[in-house]
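Novice: My file is target-v6.txt. It has compact mmCIF, C-alpha atoms:
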# COMPACT_ATOMS: atom_id res chain seq x y z
CA MET A 1 -14.14 -1.72 16.82
CA THR A 2 -10.66 -1.35 15.36
CA CYS A 3 -7.83 0.95 16.35
CA PHE A 4 -4.48 1.61 14.72
CA ILE A 5 -1.26 2.43 16.56
CA ALA A 6 1.88 3.64 14.78
CA SER A 7 5.44 3.22 16.00
CA HIS A 8 8.87 3.47 14.38
CA LEU A 9 12.02 1.31 14.44
CA PHE A 10 15.24 2.60 12.93
CA ASP A 11 18.56 1.21 11.78
CA TYR A 12 21.13 2.44 9.26
CA LYS A 13 19.36 1.06 6.19
CA ASN A 14 15.65 0.62 6.85
CA TYR A 15 12.68 2.71 7.84
CA TYR A 16 9.57 1.03 9.22
CA ILE A 17 6.05 2.06 10.07
CA LEU A 18 4.02 -0.39 12.14
CA LEU A 19 0.24 -0.20 11.95
CA THR A 20 -1.61 -2.24 14.57
CA VAL A 21 -5.06 -3.47 13.57
CA LYS A 22 -7.63 -4.80 16.05
CA PHE A 23 -11.03 -6.19 15.17
CA ARG A 24 -13.87 -8.14 16.72
CA TYR A 25 -14.89 -11.16 14.70
CA HIS A 26 -18.26 -12.75 15.30
CA PRO A 27 -20.18 -14.10 12.27
CA LEU A 28 -23.82 -13.08 12.08
CA TYR A 29 -23.24 -10.27 14.55
CA LEU A 30 -22.38 -6.66 13.74
CA PHE A 31 -18.69 -6.21 12.93
CA VAL A 32 -17.54 -2.60 12.67
CA LEU A 33 -14.06 -1.65 11.47
CA SER A 34 -12.88 1.89 12.20
CA LEU A 35 -9.55 3.57 11.42
CA PHE A 36 -8.01 6.60 13.08
CA VAL A 37 -5.49 9.15 11.84
CA ILE A 38 -1.82 8.30 12.26
CA THR A 39 1.15 10.07 10.71
CA GLY A 40 4.65 8.68 10.38
CA GLY A 41 7.75 10.74 11.01
CA LEU A 42 10.85 11.51 8.95
CA HIS A 43 14.14 9.66 9.22
CA GLN A 44 17.50 10.92 7.97
CA LEU A 45 19.78 8.19 6.61
CA CYS A 46 23.43 9.22 7.00
CA ALA A 47 24.17 11.97 4.43
CA GLN A 48 21.25 10.94 2.26
CA ASN A 49 17.54 11.19 2.80
CA LEU A 50 15.26 8.15 2.86
CA SER A 51 11.92 8.72 4.54
CA PHE A 52 8.20 8.22 4.28
CA GLU A 53 5.01 8.98 6.11
CA LEU A 54 1.75 7.10 6.38
CA LYS A 55 -1.54 8.97 6.69
CA VAL A 56 -4.72 7.13 7.57
CA SER A 57 -8.18 8.48 6.78
CA PRO A 58 -10.05 9.71 9.87
CA SER A 59 -13.44 8.64 8.52
CA VAL A 60 -13.26 4.93 7.71
CA ASN A 61 -16.23 2.77 8.65
CA MET A 62 -16.71 -0.84 7.48
CA VAL A 63 -19.78 -2.67 8.75
CA PHE A 64 -20.20 -6.43 8.21
CA ASN A 65 -23.84 -7.10 9.00
CA THR A 66 -24.88 -9.67 6.38
CA ILE A 67 -23.65 -13.13 5.42
CA GLU A 68 -22.88 -11.84 1.92
CA LYS A 69 -20.55 -9.17 3.31
CA TYR A 70 -18.71 -11.74 5.45
CA GLN A 71 -18.25 -14.03 2.46
CA ASN A 72 -17.50 -11.48 -0.28
CA GLY A 73 -15.78 -8.87 1.86
CA LEU A 74 -15.89 -5.10 1.86
CA VAL A 75 -13.51 -2.59 0.27
CA GLN A 76 -12.37 0.64 1.90
CA TYR A 77 -10.94 2.92 -0.78
CA ASN A 78 -8.17 5.39 0.07
CA PHE A 79 -7.93 4.27 3.68
CA SER A 80 -4.33 5.44 3.72
CA GLN A 81 -1.74 7.40 1.76
CA LEU A 82 1.99 6.65 1.67
CA ASN A 83 4.38 9.52 0.85
CA ILE A 84 7.99 8.75 -0.05
CA ASP A 85 11.07 10.98 -0.15
CA ALA A 86 14.29 9.35 -1.35
CA ASP A 87 17.67 10.57 -2.60
CA MET A 88 18.60 7.05 -3.72
CA THR A 89 17.04 4.03 -5.37
CA TRP A 90 14.76 2.21 -2.98
CA ASP A 91 12.60 -0.82 -2.24
CA LEU A 92 9.18 -0.89 -0.59
CA TYR A 93 7.57 -3.97 0.93
CA VAL A 94 4.77 -4.84 3.32
CA GLY A 95 3.96 -7.76 5.60
CA ALA A 96 2.13 -8.83 8.74
CA ASN A 97 3.86 -9.14 12.10
CA THR A 98 2.17 -11.59 14.49
CA SER A 99 3.23 -14.02 17.22
CA THR A 100 2.29 -17.05 15.10
CA GLN A 101 3.23 -16.78 11.45
CA ASP A 102 0.27 -16.20 9.10
CA GLU A 103 -2.29 -15.96 11.94
CA TRP A 104 -3.85 -12.97 13.69
CA ASP A 105 -2.93 -12.60 17.37
CA GLU A 106 -5.80 -13.44 19.70
CA ASP A 107 -6.62 -10.93 22.43
CA MET A 108 -9.88 -12.51 23.56
CA ARG A 109 -11.78 -15.67 22.67
CA TYR A 110 -15.58 -15.73 22.48
CA SER A 111 -15.84 -19.42 21.54
CA ASN A 112 -13.68 -22.52 21.20
CA SER A 113 -15.22 -23.41 17.86
CA GLY A 114 -13.30 -22.58 14.69
CA ALA A 115 -9.74 -21.65 13.74
CA THR A 116 -7.72 -18.49 14.23
CA PRO A 117 -8.16 -16.05 11.32
CA ASP A 118 -5.44 -16.10 8.69
CA VAL A 119 -3.69 -12.79 7.96
CA SER A 120 -4.65 -13.22 4.30
CA ILE A 121 -8.28 -12.21 5.01
CA LEU A 122 -6.85 -8.68 4.90
CA GLN A 123 -5.85 -7.61 1.39
CA LEU A 124 -4.20 -4.40 0.22
CA ARG A 125 -3.90 -2.51 -3.04
CA PHE A 126 -1.29 0.17 -3.79
CA ARG A 127 -2.27 2.72 -6.45
CA ASN A 128 -0.66 5.81 -7.94
CA ALA A 129 -0.94 7.86 -11.11
CA GLY A 130 2.11 6.20 -12.64
CA ALA A 131 0.84 2.64 -11.97
CA THR A 132 4.29 1.77 -10.62
CA SER A 133 3.25 -0.91 -8.12
CA GLN A 134 4.51 -4.38 -8.97
CA GLU A 135 1.26 -5.79 -7.56
CA ASN A 136 -1.60 -5.24 -9.97
CA GLY A 137 -4.75 -5.11 -7.86
CA PHE A 138 -5.50 -6.52 -4.42
CA PHE A 139 -3.10 -9.01 -2.86
CA PRO A 140 -3.40 -11.00 0.41
CA LEU A 141 -1.26 -9.86 3.30
CA GLN A 142 1.61 -12.23 4.07
CA ASP A 143 3.94 -12.67 7.01
CA ILE A 144 6.76 -10.11 7.26
CA ASN A 145 9.26 -12.97 6.86
CA ASN A 146 7.81 -13.46 3.38
CA PRO A 147 6.75 -9.91 2.50
CA VAL A 148 5.13 -8.61 -0.65
CA TYR A 149 7.40 -6.24 -2.57
CA ILE A 150 5.53 -3.25 -3.98
CA ILE A 151 8.74 -1.85 -5.44
CA GLY A 152 11.97 -3.78 -5.93
CA SER A 153 13.02 -7.11 -4.45
CA ALA A 154 15.38 -8.62 -1.89
CA ALA A 155 18.19 -8.42 -4.48
CA LEU A 156 19.97 -5.37 -5.90
CA ASN A 157 17.78 -3.92 -8.65
CA PRO A 158 18.66 -1.64 -11.57
CA GLU A 159 17.33 1.90 -11.45
CA ILE A 160 13.88 2.13 -13.03
CA ALA A 161 12.68 5.54 -14.16
CA CYS A 162 9.45 7.10 -13.05
CA GLY A 163 6.49 6.10 -15.18
CA ASN A 164 7.38 2.40 -15.31
CA VAL A 165 6.26 -0.54 -13.19
CA GLY A 166 8.67 -0.95 -10.30
CA ALA A 167 9.97 2.65 -10.56
CA ASN A 168 12.57 3.09 -7.81
CA ALA A 169 14.42 6.22 -8.93
CA ALA A 170 15.18 8.99 -6.46
CA GLY A 171 12.50 11.62 -5.99
CA ASP A 172 9.76 12.82 -3.66
CA TYR A 173 5.99 12.79 -3.48
CA ILE A 174 5.72 16.56 -3.94
CA THR A 175 7.52 16.81 -7.30
CA SER A 176 6.69 13.31 -8.60
CA PRO A 177 3.54 12.02 -6.85
CA GLY A 178 2.92 9.62 -9.71
CA CYS A 179 5.85 7.52 -8.53
CA HIS A 180 6.46 8.46 -4.91
CA GLN A 181 2.95 8.60 -3.53
CA PHE A 182 0.62 5.63 -3.10
CA ASN A 183 -3.06 5.52 -2.22
CA LEU A 184 -3.96 2.36 -0.35
CA ASP A 185 -7.21 0.41 -0.52
CA MET A 186 -8.15 -2.34 1.91
CA LEU A 187 -10.29 -5.42 1.27
CA ILE A 188 -11.35 -7.59 4.20
CA LYS A 189 -13.06 -10.96 3.66
CA PRO A 190 -13.73 -12.43 7.13
CA GLY A 191 -15.66 -15.50 5.96
CA LEU A 192 -17.78 -17.55 8.35
CA THR A 193 -15.43 -20.29 9.55
CA TYR A 194 -13.09 -18.61 12.02
CA ARG A 195 -13.31 -18.65 15.80
CA PRO A 196 -15.19 -15.65 17.24
CA GLY A 197 -12.90 -13.36 19.22
CA LEU A 198 -10.90 -10.17 19.42
CA TYR A 199 -7.83 -10.23 17.18
CA LYS A 200 -4.95 -7.98 16.20
CA LEU A 201 -1.95 -7.81 13.89
CA GLU A 202 0.70 -5.33 12.86
CA ILE A 203 1.01 -4.27 9.23
CA VAL A 204 4.67 -3.45 8.66
CA PHE A 205 5.46 -1.01 5.85
CA THR A 206 9.21 -0.99 5.12
CA LEU A 207 11.19 1.44 2.98
CA VAL A 208 14.77 0.33 2.41
CA GLU A 209 17.71 1.46 0.35
CA ASN A 210 18.19 -0.65 -2.78
CA LEU A 211 21.28 -2.65 -1.89
Just give me the structure as structure tokens.

Specialist:
Amino acid sequence: MTCFIASHLFDYKNYYILLTVKFRYHPLYLFVLSLFVITGGLHQLCAQNLSFELKVSPSVNMVFNTIEKYQNGLVQYNFSQLNIDADMTWDLYVGANTSTQDEWDEDMRYSNSGATPDVSILQLRFRNAGATSQENGFFPLQDINNPVYIIGSAALNPEIACGNVGANAAGDYITSPGCHQFNLDMLIKPGLTYRPGLYKLEIVFTLVENL
């Protein structure tokens, strides 16, 4: 069983949404992944507006009950939607936050055999009508210290107009959903080699002013 918990951390430049994922991993036994609704809040950045919200589908159910599903993974389409409102150029990146870099946090161990699951067994895909994501298709989750940039980069980027890959121009998801709204798909490939247990990680979605 999996539950998601949202929280928010603020400073003068960034806006974060943390999504905590828990799952029970036990090859050859039933593994059910469930998501619950969470909604992010709005954050005002000085005199300008930079905010987003994350909505998670209330009816997600992923069941791993065959060896093939463990090895090949399962996809949950539209498990979440990210809505962006920005009066400035912006960057968007995502990463995993765990105690040990690149590994899920262990809440409970069912066996001493096997290794701790790598965060990369969870893959994401960002889609919108404008195809603006810099990641084409699914990509493995990485540690937040080495995040995946969906829009922009760690450096100052030129303004890119809506309708182009990497579009970071000001706008909002109501008037320009093709560039400021993303539908998220999730692919999980547990495999058969990890140590059975109860694990968790935080997925950190970060919206930041392009500086």

Novice: Would you mind reading off the distance between atom CA of Asn128 of chain A and atom CA of Phe182 of chain A, one decimal, in Å?

Specialist: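 We find that atom CA of Asn128 of chain A and atom CA of Phe182 of chain A lie 5.0 Å from each other.
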
Novice: I need the residue nearest Leu156 of chain A from this list: A:Cys179, A:Val119, A:Leu211, A:Leu192. Use all atoms listed in the file for the distance.

Specialist: A:Leu211

Novice: Can you list, as a PyMOL selection string, every protein, DNA or RNA residue that comes within 12 Å of Leu141 of chain A when you count only C-alpha atoms, leaving out same-chain residues fewer than 2 positions away?

Specialist: chain A and resi 93-98+101-104+118-125+135+138-139+143-150+186-189+201-205

Novice: Using only C-alpha atoms, can you tell me which of A:Thr116, A:Thr66, A:Ser80, A:Ser99 comes closest to Leu198 of chain A?

Specialist: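 Closest to Leu198 of chain A of all the choices is A:Thr116.
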
Novice: Could you please determine the separation between atom CA of Ala167 of chain A and atom CA of Asp185 of chain A in Å, to one decimal place?

Specialist: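 Distance reported for this atom pair: 20.0 Å.
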
Novice: Please provide as an MDAnalysis selection string all residues within 10 Å of Pro117 of chain A, with the sequence filter that same-chain residues fewer than 6 positions apart are discarded (counting all atoms listed in the file).

Specialist: chainID A and resid 25 102:106 190:191 193:197 199:200

Novice: Given only C-alpha atoms as the basis, pick out the residue of A:Ala170, A:Val56, A:Leu207, A:Val63 nearest to Gln81 of chain A.

Specialist: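 That would be A:Val56, the residue with the smallest distance to Gln81 of chain A.
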
Novice: For Met88 of chain A, please output as a list in words all residues within 8 Å (counting only C-alpha atoms; exclusion window: fewer than 4 positions along the same chain).

Specialist: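 In the requested format, the answer is Gln48, Asn49, Leu50, Ala169, Ala170, Gly171, Glu209 and Asn210 of chain A.
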
Novice: With all atoms listed in the file as the basis for distance, which of A:Val75, A:Val208, A:Ile151, A:Ala161 is at the shortest distance from Phe52 of chain A?

Specialist: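 The shortest atom-to-atom distance to Phe52 of chain A comes from A:Val208.
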
Novice: Rank A:Ser51, A:Thr100, A:Ser133, A:Asn183 by their smallest atom-to-atom distance to Asp87 of chain A, using only C-alpha atoms, and report the top residue only.

Specialist: A:Ser51

Novice: One decimal, Å: what's the distance from atom CA of Gly163 of chain A over to atom CA of Asp91 of chain A, could you say?

Specialist: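 A separation of 15.9 Å between them.
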
Novice: Using all atoms listed in the file, which residue out of A:Cys162, A:Tyr110, A:Arg127, A:Leu184 lies closest to Tyr77 of chain A?

Specialist: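 Result for the nearest residue to Tyr77 of chain A: A:Leu184.
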